[in-house]
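Chemist: One structure, pasted below without further comment.
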Amino acid sequence: MRLTDAEIREAMDVLGLVPQDFLTVKQARTPEEAKEVLRVLKDKARRGFKKAALKLHPDHGGDQTLFVRVKSVVEHIESLQVRPRPVPRRVVMYRPAGIGIVFGTTNASTTASTTPWGTGNVYTVVI
């Protein structure tokens, strides 16, 4: 279910969550700290959903569309995970003709496509 920003904000208000809750996860100093903060955030979302479900559930005369939105937001929060930042790796690029060697760092998800001397016949070696 695709929700608009306004619908997400409304669901977060019902759950008692604020955007700062998510920033604290991002601003954690270590992955372990981020996992703990995220665990607390998930618990807060679950508790908020249990309270909201009593009022919003269609069987109790609540608003079905809002109930589905809140449930969707809680499911998304439950699916969040903390992933460690990629470790920079040393990259060596060189031309077969031996024109030059460039040393640098890159993330595991990026590769260099150009070099100071242009493109073509450039090999990338990740160490």
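Chain identifiers are assigned as A, B, and so on, following the order in which chains appear in the structure tokens; residues are numbered from 1 within each chain, and ligands are numbered from 1 in order of appearance.
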At a cut-off of 8 Å, using only C-alpha atoms, what residues contact Val74 in chain A? Leave out same-chain residues fewer than 3 positions from it and give the result as an NGL selection string.
Modeler: :A and (45-46 or 49 or 70-71 or 77-78)
Chemist: Write the residues of the selection above to a file with C-alpha atoms, as a PDB file, in the first residue's frame.
Modeler:
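Full text of out.pdb as output:
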```
ATOM      1  CA  ALA A  45       5.270   1.546  17.520  1.00  0.00           C
ATOM      2  CA  ARG A  46       3.849  -1.814  18.675  1.00  0.00           C
ATOM      3  CA  PHE A  49      -0.635   0.208  17.529  1.00  0.00           C
ATOM      4  CA  VAL A  70      -1.565   2.685  10.707  1.00  0.00           C
ATOM      5  CA  LYS A  71      -1.082  -1.063  10.303  1.00  0.00           C
ATOM      6  CA  ILE A  77       8.732   0.086  10.888  1.00  0.00           C
ATOM      7  CA  GLU A  78       8.958  -3.591  11.868  1.00  0.00           C
TER       8      GLU A  78
END
```
Chemist: I'd like the contact shell of Arg47 in chain A - 12 Å cut-off, only C-alpha atoms, skipping same-chain residues fewer than 3 positions apart - returned as an MDAnalysis selection string.
Modeler: chainID A and resid 14:17 40:44 50:54 74
Chemist: Quick one: residues within 8 Å of Val73 in chain A, only C-alpha atoms counted, chain neighbours fewer than 3 positions away excluded, as a ChimeraX atom specification?
Modeler: /A:8,11-12,69-70,76-77
Chemist: Go ahead and compute the interatomic distance for CA of Met1 in chain A and CA of Val68 in chain A, in Å to one decimal.
Modeler: 9.0 Å
Chemist: What is the CA of Val82 in chain A-CA of Gln20 in chain A distance in Å, reported with one decimal?
Modeler: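 Taking CA of Val82 in chain A as the start and CA of Gln20 in chain A as the end point, the length is 16.7 Å.
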Chemist: As an exercise, work out the distance from CA of Glu7 in chain A to CA of Leu66 in chain A in Å and give it to one decimal place.
Modeler: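 Separation of CA of Glu7 in chain A and CA of Leu66 in chain A: 8.5 Å.
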Chemist: In terms of the shortest atom-to-atom distance over only C-alpha atoms, which of A:Pro86, A:Asp21, A:Glu10, A:Glu33 is closest to Phe67 in chain A?
Modeler: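 Selected residue with least distance to Phe67 in chain A: A:Glu10.
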Chemist: Could you list, as a list in words, every residue within 12 Å of Leu23 in chain A, counting only C-alpha atoms and ignoring same-chain residues fewer than 5 positions away?
Modeler: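 My list of contacting residues is Leu17, Val18, Ala28, Ala34, Val37, Leu38 and Leu41 of chain A.
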Chemist: Output N, CA and C atoms for every residue in the selection just made, as a short mmCIF file (atom, residue, chain, number, x, y, z; two decimals), in the first residue's frame.
Modeler:
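Result file follows (result_23.cif):
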```
data_model
loop_
_atom_site.label_atom_id
_atom_site.label_comp_id
_atom_site.auth_asym_id
_atom_site.auth_seq_id
_atom_site.Cartn_x
_atom_site.Cartn_y
_atom_site.Cartn_z
N LEU A 17 4.45 8.61 17.38
CA LEU A 17 5.82 8.71 16.90
C LEU A 17 6.07 10.08 16.29
N VAL A 18 7.32 10.53 16.37
CA VAL A 18 7.72 11.80 15.75
C VAL A 18 8.94 11.53 14.89
N ALA A 28 23.01 7.48 15.79
CA ALA A 28 23.71 6.62 16.75
C ALA A 28 25.17 6.50 16.36
N ALA A 34 22.63 1.85 17.43
CA ALA A 34 21.54 2.06 16.48
C ALA A 34 20.53 0.92 16.56
N VAL A 37 18.42 1.47 19.71
CA VAL A 37 17.47 2.57 19.54
C VAL A 37 16.34 2.14 18.60
N LEU A 38 16.66 1.40 17.56
CA LEU A 38 15.62 0.91 16.64
C LEU A 38 14.71 -0.09 17.34
N LEU A 41 12.32 1.90 19.29
CA LEU A 41 11.35 2.53 18.38
C LEU A 41 10.29 1.53 17.93
#
```
